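Participant: For reference, the file work07.pdb (PDB, C-alpha atoms and all ligand atoms) is included below:
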```
MODEL        1
ATOM      1  CA  MET A  11      -0.377 -28.732  -4.330
ATOM      2  CA  THR A  12       2.202 -30.229  -6.682
ATOM      3  CA  HIS A  13       4.747 -28.380  -8.785
ATOM      4  CA  SER A  14       2.629 -28.855 -11.886
ATOM      5  CA  SER A  15      -0.803 -27.847 -10.594
ATOM      6  CA  PRO A  16      -1.226 -24.146 -11.185
ATOM      7  CA  SER A  17      -4.160 -22.573  -9.380
ATOM      8  CA  SER A  18      -5.976 -19.315  -9.904
ATOM      9  CA  HIS A  19      -5.180 -18.292  -6.309
ATOM     10  CA  LYS A  20      -2.661 -15.457  -6.087
ATOM     11  CA  ALA A  21      -0.938 -14.430  -2.881
ATOM     12  CA  SER A  22      -0.948 -10.755  -1.998
ATOM     13  CA  LEU A  23       2.442  -9.105  -2.447
ATOM     14  CA  ILE A  24       4.145  -7.580   0.583
ATOM     15  CA  ASP A  25       5.487  -4.261  -0.683
ATOM     16  CA  GLY A  26       8.775  -3.708   1.184
ATOM     17  CA  LYS A  27       9.669  -0.808  -1.080
ATOM     18  CA  ALA A  28       6.547   1.140  -0.085
ATOM     19  CA  TYR A  29       7.008   0.344   3.612
ATOM     20  CA  ALA A  30      10.684   1.408   3.430
ATOM     21  CA  ALA A  31       9.626   4.666   1.725
ATOM     22  CA  SER A  32       7.298   5.441   4.646
ATOM     23  CA  LEU A  33      10.156   4.667   7.075
ATOM     24  CA  TYR A  34      12.467   7.060   5.173
ATOM     25  CA  THR A  35       9.876   9.836   5.438
ATOM     26  CA  ARG A  36       9.598   9.333   9.187
ATOM     27  CA  ILE A  37      13.379   9.059   9.690
ATOM     28  CA  ARG A  38      13.933  12.296   7.707
ATOM     29  CA  GLU A  39      11.481  14.113  10.027
ATOM     30  CA  ASP A  40      13.120  12.583  13.109
ATOM     31  CA  ILE A  41      16.570  13.705  11.904
ATOM     32  CA  ILE A  42      15.280  17.283  11.615
ATOM     33  CA  SER A  43      13.850  17.242  15.153
ATOM     34  CA  PHE A  44      16.998  15.552  16.501
ATOM     35  CA  HIS A  45      19.079  18.364  14.955
ATOM     36  CA  GLU A  46      16.732  21.035  16.375
ATOM     37  CA  GLN A  47      16.982  19.480  19.836
ATOM     38  CA  TYR A  48      20.704  18.656  20.029
ATOM     39  CA  GLY A  49      22.374  20.573  17.153
ATOM     40  CA  ILE A  50      23.756  17.251  15.901
ATOM     41  CA  THR A  51      23.447  15.617  12.482
ATOM     42  CA  PRO A  52      23.780  11.816  12.879
ATOM     43  CA  GLY A  53      26.659  10.348  10.835
ATOM     44  CA  LEU A  54      27.160   6.834   9.465
ATOM     45  CA  ALA A  55      30.570   5.423   8.527
ATOM     46  CA  VAL A  56      30.549   2.525   6.063
ATOM     47  CA  VAL A  57      33.731   0.514   5.586
ATOM     48  CA  LEU A  58      34.321  -1.742   2.593
ATOM     49  CA  VAL A  59      37.460  -3.849   2.254
ATOM     50  CA  GLY A  60      38.252  -5.190  -1.218
ATOM     51  CA  ASN A  61      36.356  -4.766  -4.475
ATOM     52  CA  ASP A  62      33.558  -7.299  -4.511
ATOM     53  CA  PRO A  63      31.175  -5.749  -7.110
ATOM     54  CA  ALA A  64      27.958  -6.688  -5.249
ATOM     55  CA  SER A  65      29.302  -5.218  -1.976
ATOM     56  CA  GLU A  66      30.344  -2.042  -3.822
ATOM     57  CA  ILE A  67      26.753  -1.599  -5.048
ATOM     58  CA  TYR A  68      25.362  -2.212  -1.535
ATOM     59  CA  VAL A  69      27.651   0.317   0.168
ATOM     60  CA  ARG A  70      27.039   2.985  -2.482
ATOM     61  CA  ASN A  71      23.279   2.520  -2.007
ATOM     62  CA  LYS A  72      23.744   2.839   1.742
ATOM     63  CA  ALA A  73      25.671   6.120   1.311
ATOM     64  CA  LEU A  74      23.067   7.463  -1.128
ATOM     65  CA  GLN A  75      20.153   6.766   1.211
ATOM     66  CA  THR A  76      22.110   8.149   4.183
ATOM     67  CA  HIS A  77      22.378  11.529   2.390
ATOM     68  CA  HIS A  78      18.783  11.240   1.257
ATOM     69  CA  VAL A  79      17.440  11.212   4.850
ATOM     70  CA  GLY A  80      19.726  14.092   5.860
ATOM     71  CA  MET A  81      22.463  12.212   7.713
ATOM     72  CA  ARG A  82      26.202  12.535   7.161
ATOM     73  CA  SER A  83      27.901   9.684   5.333
ATOM     74  CA  PHE A  84      31.555   8.676   5.663
ATOM     75  CA  MET A  85      32.745   6.090   3.146
ATOM     76  CA  HIS A  86      35.983   4.169   3.656
ATOM     77  CA  MET A  87      36.918   2.007   0.649
ATOM     78  CA  LEU A  88      40.025   0.010   1.555
ATOM     79  CA  PRO A  89      42.101  -2.218  -0.743
ATOM     80  CA  GLU A  90      41.856  -6.030  -0.689
ATOM     81  CA  THR A  91      45.405  -6.097   0.779
ATOM     82  CA  THR A  92      44.345  -4.261   3.975
ATOM     83  CA  SER A  93      45.549  -6.095   7.090
ATOM     84  CA  GLU A  94      43.361  -6.824  10.090
ATOM     85  CA  SER A  95      45.410  -4.485  12.279
ATOM     86  CA  GLU A  96      45.021  -1.619   9.761
ATOM     87  CA  LEU A  97      41.264  -2.202   9.751
ATOM     88  CA  LEU A  98      41.145  -2.319  13.568
ATOM     89  CA  THR A  99      43.083   0.986  13.697
ATOM     90  CA  LEU A 100      40.452   2.612  11.441
ATOM     91  CA  ILE A 101      37.601   1.235  13.586
ATOM     92  CA  LYS A 102      39.218   2.674  16.728
ATOM     93  CA  GLN A 103      39.531   6.093  15.002
ATOM     94  CA  LEU A 104      35.844   5.934  14.030
ATOM     95  CA  ASN A 105      34.923   4.877  17.598
ATOM     96  CA  ALA A 106      36.637   8.043  18.850
ATOM     97  CA  ASP A 107      35.159  10.384  16.189
ATOM     98  CA  PRO A 108      32.201  12.346  17.625
ATOM     99  CA  ALA A 109      30.804  13.005  14.104
ATOM    100  CA  VAL A 110      30.395   9.252  13.560
ATOM    101  CA  HIS A 111      27.385   7.776  15.387
ATOM    102  CA  GLY A 112      27.190   4.483  13.517
ATOM    103  CA  ILE A 113      29.843   2.182  12.039
ATOM    104  CA  LEU A 114      29.103  -0.569   9.525
ATOM    105  CA  VAL A 115      31.773  -2.885   8.145
ATOM    106  CA  GLN A 116      30.435  -4.550   5.009
ATOM    107  CA  LEU A 117      30.566  -8.361   5.130
ATOM    108  CA  PRO A 118      32.010 -10.658   3.944
ATOM    109  CA  LEU A 119      35.565  -9.548   4.690
ATOM    110  CA  PRO A 120      38.558 -10.865   2.709
ATOM    111  CA  SER A 121      40.097 -14.082   4.043
ATOM    112  CA  GLY A 122      42.746 -13.397   6.659
ATOM    113  CA  ILE A 123      40.581 -10.856   8.491
ATOM    114  CA  GLU A 124      38.586 -12.223  11.433
ATOM    115  CA  ALA A 125      35.101 -10.716  11.119
ATOM    116  CA  HIS A 126      34.238 -11.336  14.786
ATOM    117  CA  ARG A 127      37.310  -9.392  15.973
ATOM    118  CA  VAL A 128      36.457  -6.485  13.683
ATOM    119  CA  ILE A 129      32.766  -6.398  14.628
ATOM    120  CA  ASN A 130      33.531  -6.620  18.336
ATOM    121  CA  THR A 131      36.000  -3.722  18.122
ATOM    122  CA  ILE A 132      33.102  -1.422  17.155
ATOM    123  CA  LEU A 133      31.717   0.236  20.299
ATOM    124  CA  PRO A 134      28.314  -1.352  21.111
ATOM    125  CA  GLN A 135      26.632   2.081  20.977
ATOM    126  CA  LYS A 136      27.964   2.585  17.397
ATOM    127  CA  ASP A 137      27.306  -1.009  16.257
ATOM    128  CA  VAL A 138      24.450  -0.153  13.841
ATOM    129  CA  ASP A 139      24.526  -3.677  12.369
ATOM    130  CA  GLY A 140      23.714  -5.005  15.860
ATOM    131  CA  LEU A 141      26.058  -7.933  15.230
ATOM    132  CA  GLY A 142      28.529  -7.463  18.091
ATOM    133  CA  GLU A 143      28.384  -9.725  21.128
ATOM    134  CA  VAL A 144      26.910  -7.000  23.359
ATOM    135  CA  ASN A 145      23.948  -6.275  21.062
ATOM    136  CA  ILE A 146      23.332  -9.943  20.182
ATOM    137  CA  GLY A 147      23.529 -10.763  23.916
ATOM    138  CA  ARG A 148      20.957  -8.048  24.652
ATOM    139  CA  LEU A 149      18.660  -9.458  21.972
ATOM    140  CA  ALA A 150      19.046 -12.989  23.368
ATOM    141  CA  SER A 151      18.219 -11.692  26.874
ATOM    142  CA  ASN A 152      15.187  -9.662  25.712
ATOM    143  CA  ARG A 153      16.948  -6.437  26.673
ATOM    144  CA  PRO A 154      16.751  -3.245  24.594
ATOM    145  CA  GLY A 155      19.639  -2.918  22.140
ATOM    146  CA  ILE A 156      20.479  -2.328  18.480
ATOM    147  CA  ILE A 157      18.790  -5.001  16.340
ATOM    148  CA  PRO A 158      20.436  -6.422  13.167
ATOM    149  CA  CYS A 159      18.974  -4.588  10.150
ATOM    150  CA  THR A 160      17.619  -7.391   7.935
ATOM    151  CA  PRO A 161      15.913  -9.318  10.778
ATOM    152  CA  LEU A 162      14.442  -6.021  12.030
ATOM    153  CA  GLY A 163      13.124  -5.315   8.513
ATOM    154  CA  CYS A 164      11.482  -8.769   8.404
ATOM    155  CA  VAL A 165       9.753  -8.313  11.754
ATOM    156  CA  LEU A 166       8.519  -4.791  10.933
ATOM    157  CA  LEU A 167       6.938  -6.099   7.722
ATOM    158  CA  LEU A 168       5.442  -9.110   9.525
ATOM    159  CA  ARG A 169       3.963  -6.911  12.269
ATOM    160  CA  ASP A 170       2.499  -4.632   9.614
ATOM    161  CA  GLN A 171       0.959  -7.586   7.760
ATOM    162  CA  LEU A 172      -0.094  -9.870  10.622
ATOM    163  CA  GLY A 173      -0.258  -7.765  13.794
ATOM    164  CA  ASP A 174      -0.031 -10.107  16.781
ATOM    165  CA  MET A 175       2.063 -13.203  15.926
ATOM    166  CA  LYS A 176       1.686 -15.057  19.249
ATOM    167  CA  GLY A 177       1.387 -18.815  18.806
ATOM    168  CA  GLN A 178       2.189 -18.758  15.084
ATOM    169  CA  HIS A 179       4.653 -21.369  13.902
ATOM    170  CA  ALA A 180       7.553 -19.537  12.255
ATOM    171  CA  VAL A 181      10.097 -21.592  10.331
ATOM    172  CA  VAL A 182      13.380 -19.855   9.522
ATOM    173  CA  ILE A 183      15.562 -21.481   6.842
ATOM    174  CA  GLY A 184      19.193 -20.485   7.395
ATOM    175  CA  CYS A 185      21.075 -19.987  10.664
ATOM    176  CA  SER A 186      23.595 -17.238   9.839
ATOM    177  CA  HIS A 187      24.805 -14.698  12.411
ATOM    178  CA  LEU A 188      23.623 -11.966  10.036
ATOM    179  CA  VAL A 189      20.011 -13.088   9.547
ATOM    180  CA  GLY A 190      18.776 -16.540  10.659
ATOM    181  CA  LYS A 191      19.857 -16.581  14.303
ATOM    182  CA  PRO A 192      18.903 -13.003  15.278
ATOM    183  CA  LEU A 193      15.633 -13.342  13.346
ATOM    184  CA  ALA A 194      14.737 -16.511  15.281
ATOM    185  CA  LEU A 195      15.349 -14.604  18.544
ATOM    186  CA  LEU A 196      13.148 -11.709  17.398
ATOM    187  CA  LEU A 197      10.325 -14.068  16.388
ATOM    188  CA  LEU A 198      10.579 -15.795  19.785
ATOM    189  CA  ALA A 199      10.172 -12.372  21.399
ATOM    190  CA  GLU A 200       7.030 -11.910  19.265
ATOM    191  CA  GLY A 201       5.604 -15.077  20.861
ATOM    192  CA  CYS A 202       6.035 -17.345  17.819
ATOM    193  CA  THR A 203       6.893 -21.023  18.060
ATOM    194  CA  VAL A 204      10.176 -20.968  16.151
ATOM    195  CA  SER A 205      11.903 -23.713  14.187
ATOM    196  CA  ILE A 206      15.280 -23.142  12.542
ATOM    197  CA  ALA A 207      16.159 -25.266   9.520
ATOM    198  CA  HIS A 208      19.661 -25.425   8.088
ATOM    199  CA  ILE A 209      21.883 -27.416   5.801
ATOM    200  CA  HIS A 210      21.777 -30.521   8.034
ATOM    201  CA  THR A 211      18.013 -30.481   8.624
ATOM    202  CA  ARG A 212      16.317 -33.726   7.514
ATOM    203  CA  ASP A 213      12.935 -33.761   5.754
ATOM    204  CA  ILE A 214      12.928 -29.989   5.526
ATOM    205  CA  LYS A 215       9.746 -29.962   3.438
ATOM    206  CA  VAL A 216       7.774 -31.687   6.248
ATOM    207  CA  LEU A 217       8.860 -28.833   8.529
ATOM    208  CA  THR A 218       8.228 -25.943   6.134
ATOM    209  CA  GLN A 219       4.757 -27.298   5.310
ATOM    210  CA  GLN A 220       3.836 -26.641   8.967
ATOM    211  CA  ALA A 221       4.922 -23.001   8.880
ATOM    212  CA  ASP A 222       2.352 -20.239   9.313
ATOM    213  CA  ILE A 223       5.275 -17.893   8.681
ATOM    214  CA  LEU A 224       8.087 -19.153   6.439
ATOM    215  CA  ILE A 225      11.255 -17.103   6.166
ATOM    216  CA  THR A 226      14.152 -18.157   3.992
ATOM    217  CA  ALA A 227      17.658 -16.661   4.076
ATOM    218  CA  THR A 228      20.017 -19.074   2.340
ATOM    219  CA  GLY A 229      21.087 -17.540  -0.987
ATOM    220  CA  CYS A 230      20.073 -20.814  -2.781
ATOM    221  CA  HIS A 231      17.817 -19.529  -5.509
ATOM    222  CA  GLY A 232      14.650 -21.539  -6.196
ATOM    223  CA  LEU A 233      15.150 -23.655  -3.032
ATOM    224  CA  VAL A 234      11.603 -23.225  -1.686
ATOM    225  CA  ARG A 235       9.146 -24.863  -4.095
ATOM    226  CA  GLY A 236       5.379 -24.370  -4.069
ATOM    227  CA  ASP A 237       4.777 -27.697  -2.317
ATOM    228  CA  TRP A 238       7.049 -26.664   0.597
ATOM    229  CA  ILE A 239       4.493 -24.028   1.596
ATOM    230  CA  LYS A 240       1.370 -24.406   3.745
ATOM    231  CA  PRO A 241      -1.595 -22.926   1.848
ATOM    232  CA  GLY A 242      -2.225 -19.361   3.049
ATOM    233  CA  ALA A 243       1.152 -19.025   4.805
ATOM    234  CA  THR A 244       3.093 -15.763   4.924
ATOM    235  CA  VAL A 245       6.381 -16.158   3.035
ATOM    236  CA  ILE A 246       9.350 -13.819   3.494
ATOM    237  CA  ASP A 247      12.219 -14.223   1.031
ATOM    238  CA  VAL A 248      15.507 -12.752   2.260
ATOM    239  CA  GLY A 249      17.622 -14.472  -0.408
ATOM    240  CA  ILE A 250      19.432 -12.374  -2.992
ATOM    241  CA  THR A 251      21.130 -14.100  -5.919
ATOM    242  CA  ARG A 252      22.337 -12.206  -8.979
ATOM    243  CA  LEU A 253      21.848 -14.250 -12.169
ATOM    244  CA  GLN A 254      23.357 -13.419 -15.558
ATOM    245  CA  THR A 255      20.757 -13.370 -18.327
ATOM    246  CA  GLU A 256      21.498 -14.512 -21.880
ATOM    247  CA  GLU A 257      21.542 -10.858 -23.007
ATOM    248  CA  GLY A 258      24.467 -10.259 -20.631
ATOM    249  CA  LYS A 259      22.334  -8.371 -18.094
ATOM    250  CA  SER A 260      21.905  -9.375 -14.476
ATOM    251  CA  ARG A 261      18.702 -10.252 -12.678
ATOM    252  CA  ILE A 262      18.098 -10.555  -8.932
ATOM    253  CA  VAL A 263      16.222 -13.608  -7.656
ATOM    254  CA  GLY A 264      15.367 -14.953  -4.208
ATOM    255  CA  ASP A 265      15.330 -18.360  -2.462
ATOM    256  CA  VAL A 266      11.658 -18.930  -3.300
ATOM    257  CA  PHE A 267      10.445 -20.428  -6.583
ATOM    258  CA  PHE A 268       8.136 -17.467  -6.922
ATOM    259  CA  ASP A 269       5.911 -18.618  -9.802
ATOM    260  CA  GLU A 270       4.863 -21.693  -7.797
ATOM    261  CA  ALA A 271       4.823 -20.080  -4.353
ATOM    262  CA  VAL A 272       2.527 -17.236  -5.415
ATOM    263  CA  HIS A 273      -0.290 -19.776  -6.012
ATOM    264  CA  VAL A 274       0.025 -21.295  -2.530
ATOM    265  CA  ALA A 275       1.092 -18.586  -0.068
ATOM    266  CA  GLY A 276      -1.358 -16.093   1.426
ATOM    267  CA  ARG A 277       1.190 -13.256   1.338
ATOM    268  CA  ILE A 278       4.680 -13.151  -0.084
ATOM    269  CA  THR A 279       7.583 -10.717  -0.470
ATOM    270  CA  PRO A 280       8.825 -10.257  -4.046
ATOM    271  CA  VAL A 281      12.543 -10.206  -4.929
ATOM    272  CA  PRO A 282      13.515  -7.470  -5.649
ATOM    273  CA  GLY A 283      11.255  -5.022  -3.796
ATOM    274  CA  GLY A 284      10.594  -7.042  -0.629
ATOM    275  CA  ILE A 285      13.154  -7.283   2.165
ATOM    276  CA  GLY A 286      16.058  -5.586   0.311
ATOM    277  CA  PRO A 287      14.759  -2.008   0.668
ATOM    278  CA  MET A 288      13.871  -2.651   4.331
ATOM    279  CA  THR A 289      17.479  -3.499   5.250
ATOM    280  CA  ILE A 290      18.846  -0.053   4.370
ATOM    281  CA  ALA A 291      15.875   1.748   5.938
ATOM    282  CA  CYS A 292      16.491  -0.193   9.180
ATOM    283  CA  LEU A 293      20.220   0.638   9.025
ATOM    284  CA  LEU A 294      19.341   4.346   8.995
ATOM    285  CA  GLU A 295      16.807   3.843  11.794
ATOM    286  CA  ASN A 296      19.580   2.117  13.779
ATOM    287  CA  THR A 297      21.959   5.027  13.091
ATOM    288  CA  LEU A 298      19.402   7.440  14.526
ATOM    289  CA  THR A 299      18.965   5.106  17.507
ATOM    290  CA  ALA A 300      22.763   5.047  17.952
ATOM    291  CA  ALA A 301      22.890   8.871  17.876
ATOM    292  CA  ARG A 302      20.104   9.010  20.492
ATOM    293  CA  ILE A 303      22.039   6.610  22.745
ATOM    294  CA  GLN A 304      25.137   8.801  22.370
ATOM    295  CA  VAL A 305      23.279  11.900  23.584
ATOM    296  CA  GLY A 306      22.177   9.938  26.641
ATOM    297  CA  LYS A 307      18.725   8.701  25.609
ATOM    298  CA  SER A 308      17.790   5.250  26.857
ATOM    299  CA  LEU A 309      17.743   2.318  24.459
ATOM    300  CA  PRO A 310      14.453   1.674  22.656
ATOM    301  CA  CYS A 311      12.376  -1.471  23.106
ATOM    302  CA  VAL A 312      12.185  -3.694  20.040
TER     303      VAL A 312
HETATM  304  N1  LIG B   1      26.514  -7.972   3.830
HETATM  305  C1  LIG B   1      25.292  -8.365   3.419
HETATM  306  N2  LIG B   1      24.347  -7.886   4.268
HETATM  307  C2  LIG B   1      24.987  -7.187   5.225
HETATM  308  C3  LIG B   1      24.551  -6.468   6.367
HETATM  309  O1  LIG B   1      23.369  -6.371   6.702
HETATM  310  N3  LIG B   1      25.527  -5.890   7.101
HETATM  311  C4  LIG B   1      26.840  -6.004   6.758
HETATM  312  N4  LIG B   1      27.741  -5.422   7.556
HETATM  313  N5  LIG B   1      27.276  -6.659   5.718
HETATM  314  C5  LIG B   1      26.353  -7.243   4.946
ENDMDL
END
```
For this file, write the structure as structure tokens.
Ligand code: GUN

Facilitator:
Amino acid sequence: MTHSSPSSHKASLIDGKAYAASLYTRIREDIISFHEQYGITPGLAVVLVGNDPASEIYVRNKALQTHHVGMRSFMHMLPETTSESELLTLIKQLNADPAVHGILVQLPLPSGIEAHRVINTILPQKDVDGLGEVNIGRLASNRPGIIPCTPLGCVLLLRDQLGDMKGQHAVVIGCSHLVGKPLALLLLAEGCTVSIAHIHTRDIKVLTQQADILITATGCHGLVRGDWIKPGATVIDVGITRLQTEEGKSRIVGDVFFDEAVHVAGRITPVPGGIGPMTIACLLENTLTAARIQVGKSLPCV
């Protein structure tokens, strides 16, 4: 397949929005039974430092969906000038607050604040992003823990689409702490043969062409061309780039050159409507998991 050879084949679309909607329905029911059993409404605190417009949209969506499933939402919007020690003081207050079961600090943080110190100040049982060293360590050791939201969303969709993934070659493009690395660990736990490609990888196309499952999380829009994809492969696009249109509106696009990829892949996530909705649904699932841990329930298996 070359860039210029359109085919009549069309991949089936993986509908993350519909899957997330079914997760929301289940979470809402679980919140009701949790409240009946323990008299507790799970609460999620979201902290945003600074006024990055994209981050503001993300955290407002998170708060909206938190209410929507019947949880309590606590928003903390702090100015760009907030110091690391002020932020750490807030985290410690939230750690001690029994109404708060999950804490999420929106990333990226302004320069001058060390993200790893902030994330690792969150108690592991309230770390609903699953990004602290305790939860990442549990994931790396195949122990039950809280799983980072976007990688969890990818694996839930893949399980739904493919069932057993043992022996499949999964290629992950991007090695961030937020997505690429934890996702590679999750796919290993699924029994995949996992390759991780990143900015220094040579001949990346030769690698991606071998992928039964190709997942890209780079934020480089249009990076993955049609001829990077093995015919029939399952393609998951985690990238989110906001482009300005000529009419002054904005449009969201992914890492995959969709119009080419759709003629080669077997199944593909659209952007928007693929992984994006799954991330927030998994955050709320993780908040419920965190609340269960805090009433003494054991940690779930992945
Ligand atoms: N920024 C972009 N995605 C995420 C996420 O999943 N968690 C946090 N904390 N920040 C983000």

Participant: Could you pull out the residues sitting within 6 Å of ligand LIG 1 (chain B), using all atoms listed in the file, and write them as a PyMOL selection string?

Facilitator: chain A and resi 114-117+139+159-160

Participant: Those selected residues, please, written with C-alpha atoms and delivered as a PDB file, in the coordinates of the input.

Facilitator:
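After the write, selection33.pdb holds the following:
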```pdb
ATOM      1  CA  LEU A 114      29.103  -0.569   9.525  1.00  0.00           C
ATOM      2  CA  VAL A 115      31.773  -2.885   8.145  1.00  0.00           C
ATOM      3  CA  GLN A 116      30.435  -4.550   5.009  1.00  0.00           C
ATOM      4  CA  LEU A 117      30.566  -8.361   5.130  1.00  0.00           C
ATOM      5  CA  ASP A 139      24.526  -3.677  12.369  1.00  0.00           C
ATOM      6  CA  CYS A 159      18.974  -4.588  10.150  1.00  0.00           C
ATOM      7  CA  THR A 160      17.619  -7.391   7.935  1.00  0.00           C
TER       8      THR A 160
END
```

Participant: A:Leu54, A:Leu195, A:Ala300, A:Ala150: which is nearest Ile113 of chain A, counting all atoms listed in the file?

Facilitator: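 Looking at the shortest contact to Ile113 of chain A, the residue is A:Leu54.
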
Participant: Decode the PyMOL selection byres (((chain A and resi 264-269) around 9) and not hetatm) for the given file into explicit residues and return them as a VMD selection string.

Facilitator: chain A and resid 226 to 236 245 to 252 262 to 263 270 to 273 278 280 to 282

Participant: By how many Å are atom CA of Val181 of chain A and atom CA of Ala194 of chain A apart?

Facilitator: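 Value for the atom CA of Val181 of chain A-atom CA of Ala194 of chain A distance: 8.5 Å.
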
Participant: Kindly give the distance, in Å, that separates atom CA of Pro158 of chain A and atom CA of Cys292 of chain A, rounded to a single decimal.

Facilitator: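 About the pair atom CA of Pro158 of chain A and atom CA of Cys292 of chain A: they are 8.4 Å apart.
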
Participant: Where does the PyMOL selection byres (((chain A and resi 162-176) around 7) and not hetatm) land in this file, that is, which residues does it pick, as a ChimeraX atom specification?

Facilitator: /A:157-161,177-178,200-202,285,288-289,292

Participant: Quick one: residues within 7 Å of segment 208-215 of chain A, all atoms listed in the file, excluding same-chain residues fewer than 4 positions away - as a list in words?

Facilitator: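 Close residues of segment 208-215 of chain A: Ile183, Gly184, Cys185, Gln219 and Trp238 of chain A.
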
Participant: Just so the selection is clear, what residues does the PyMOL selection byres (((chain A and resi 50) around 10) and not hetatm) cover here, as a PyMOL selection string?

Facilitator: chain A and resi 41-49+51-53+81+108-109+301+305

Participant: In terms of the shortest atom-to-atom distance over all atoms listed in the file, which of A:His187, A:His179, A:Lys307, A:His126 is closest to Lys240 of chain A?

Facilitator: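 Among the listed residues, A:His179 lies closest to Lys240 of chain A.
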
Participant: Restricting the calculation to all atoms listed in the file, which member of A:Leu119, A:Ala125, A:Ile303, A:Ala291 is positioned closest to Leu74 of chain A?

Facilitator: A:Ala291

Participant: To one decimal place, how far is atom CA of Gly242 of chain A from atom CA of Leu188 of chain A in Å?

Facilitator: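 Distance reported for this atom pair: 27.8 Å.
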
Participant: Is it possible to get the axis-aligned box enclosing segment 40-57 of chain A (all listed atoms, 3 Å extra per side) as AutoDock Vina command-line options, with centre and edge lengths in Å rounded to one decimal?

Facilitator:
```
--center_x 23.4 --center_y 10.8 --center_z 12.8 --size_x 26.6 --size_y 26.5 --size_z 20.4
```

Participant: I'd like the contact shell of Asn105 of chain A - 9 Å cut-off, only C-alpha atoms, skipping same-chain residues fewer than 5 positions apart - returned as a ChimeraX atom specification.

Facilitator: /A:100,110-113,131-133,136

Participant: If you keep C-alpha atoms, can you produce a file of those selected residues as a short mmCIF file (atom, residue, chain, number, x, y, z; two decimals), in the coordinates of the input?

Facilitator:
```cif
data_model
loop_
_atom_site.label_atom_id
_atom_site.label_comp_id
_atom_site.auth_asym_id
_atom_site.auth_seq_id
_atom_site.Cartn_x
_atom_site.Cartn_y
_atom_site.Cartn_z
CA LEU A 100 40.45 2.61 11.44
CA VAL A 110 30.40 9.25 13.56
CA HIS A 111 27.38 7.78 15.39
CA GLY A 112 27.19 4.48 13.52
CA ILE A 113 29.84 2.18 12.04
CA THR A 131 36.00 -3.72 18.12
CA ILE A 132 33.10 -1.42 17.16
CA LEU A 133 31.72 0.24 20.30
CA LYS A 136 27.96 2.58 17.40
#
```

Participant: Missing atoms in segment 115-119 of chain A: fill them in up to all heavy atoms and send the result as a PDB file, in the coordinates of the input.

Facilitator:
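Result file is selection_27.pdb:
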```
ATOM      1  N   VAL A 115      30.726  -2.269   8.969  1.00  0.00           N
ATOM      2  CA  VAL A 115      31.773  -2.885   8.145  1.00  0.00           C
ATOM      3  C   VAL A 115      31.076  -3.898   7.248  1.00  0.00           C
ATOM      4  O   VAL A 115      30.444  -4.852   7.740  1.00  0.00           O
ATOM      5  CB  VAL A 115      32.842  -3.576   9.016  1.00  0.00           C
ATOM      6  CG1 VAL A 115      33.890  -4.245   8.146  1.00  0.00           C
ATOM      7  CG2 VAL A 115      33.503  -2.566   9.944  1.00  0.00           C
ATOM      8  N   GLN A 116      31.134  -3.669   5.939  1.00  0.00           N
ATOM      9  CA  GLN A 116      30.435  -4.550   5.009  1.00  0.00           C
ATOM     10  C   GLN A 116      31.024  -5.959   5.050  1.00  0.00           C
ATOM     11  O   GLN A 116      32.249  -6.130   5.020  1.00  0.00           O
ATOM     12  CB  GLN A 116      30.519  -3.958   3.583  1.00  0.00           C
ATOM     13  CG  GLN A 116      29.704  -4.687   2.540  1.00  0.00           C
ATOM     14  CD  GLN A 116      28.193  -4.557   2.721  1.00  0.00           C
ATOM     15  OE1 GLN A 116      27.701  -3.642   3.377  1.00  0.00           O
ATOM     16  NE2 GLN A 116      27.459  -5.478   2.147  1.00  0.00           N
ATOM     17  N   LEU A 117      30.170  -6.952   5.127  1.00  0.00           N
ATOM     18  CA  LEU A 117      30.566  -8.361   5.130  1.00  0.00           C
ATOM     19  C   LEU A 117      30.213  -8.976   3.782  1.00  0.00           C
ATOM     20  O   LEU A 117      29.271  -8.507   3.141  1.00  0.00           O
ATOM     21  CB  LEU A 117      29.844  -9.096   6.260  1.00  0.00           C
ATOM     22  CG  LEU A 117      30.090  -8.527   7.662  1.00  0.00           C
ATOM     23  CD1 LEU A 117      29.186  -9.213   8.671  1.00  0.00           C
ATOM     24  CD2 LEU A 117      31.553  -8.680   8.059  1.00  0.00           C
ATOM     25  N   PRO A 118      30.888  -9.971   3.299  1.00  0.00           N
ATOM     26  CA  PRO A 118      32.010 -10.658   3.944  1.00  0.00           C
ATOM     27  C   PRO A 118      33.303  -9.862   3.811  1.00  0.00           C
ATOM     28  O   PRO A 118      33.450  -9.056   2.901  1.00  0.00           O
ATOM     29  CB  PRO A 118      32.096 -11.960   3.148  1.00  0.00           C
ATOM     30  CG  PRO A 118      31.558 -11.627   1.790  1.00  0.00           C
ATOM     31  CD  PRO A 118      30.512 -10.583   2.001  1.00  0.00           C
ATOM     32  N   LEU A 119      34.231 -10.153   4.745  1.00  0.00           N
ATOM     33  CA  LEU A 119      35.565  -9.548   4.690  1.00  0.00           C
ATOM     34  C   LEU A 119      36.517 -10.500   3.974  1.00  0.00           C
ATOM     35  O   LEU A 119      36.278 -11.712   3.953  1.00  0.00           O
ATOM     36  CB  LEU A 119      36.052  -9.294   6.122  1.00  0.00           C
ATOM     37  CG  LEU A 119      35.375  -8.111   6.821  1.00  0.00           C
ATOM     38  CD1 LEU A 119      35.610  -8.169   8.326  1.00  0.00           C
ATOM     39  CD2 LEU A 119      35.872  -6.790   6.249  1.00  0.00           C
TER      40      LEU A 119
END
```
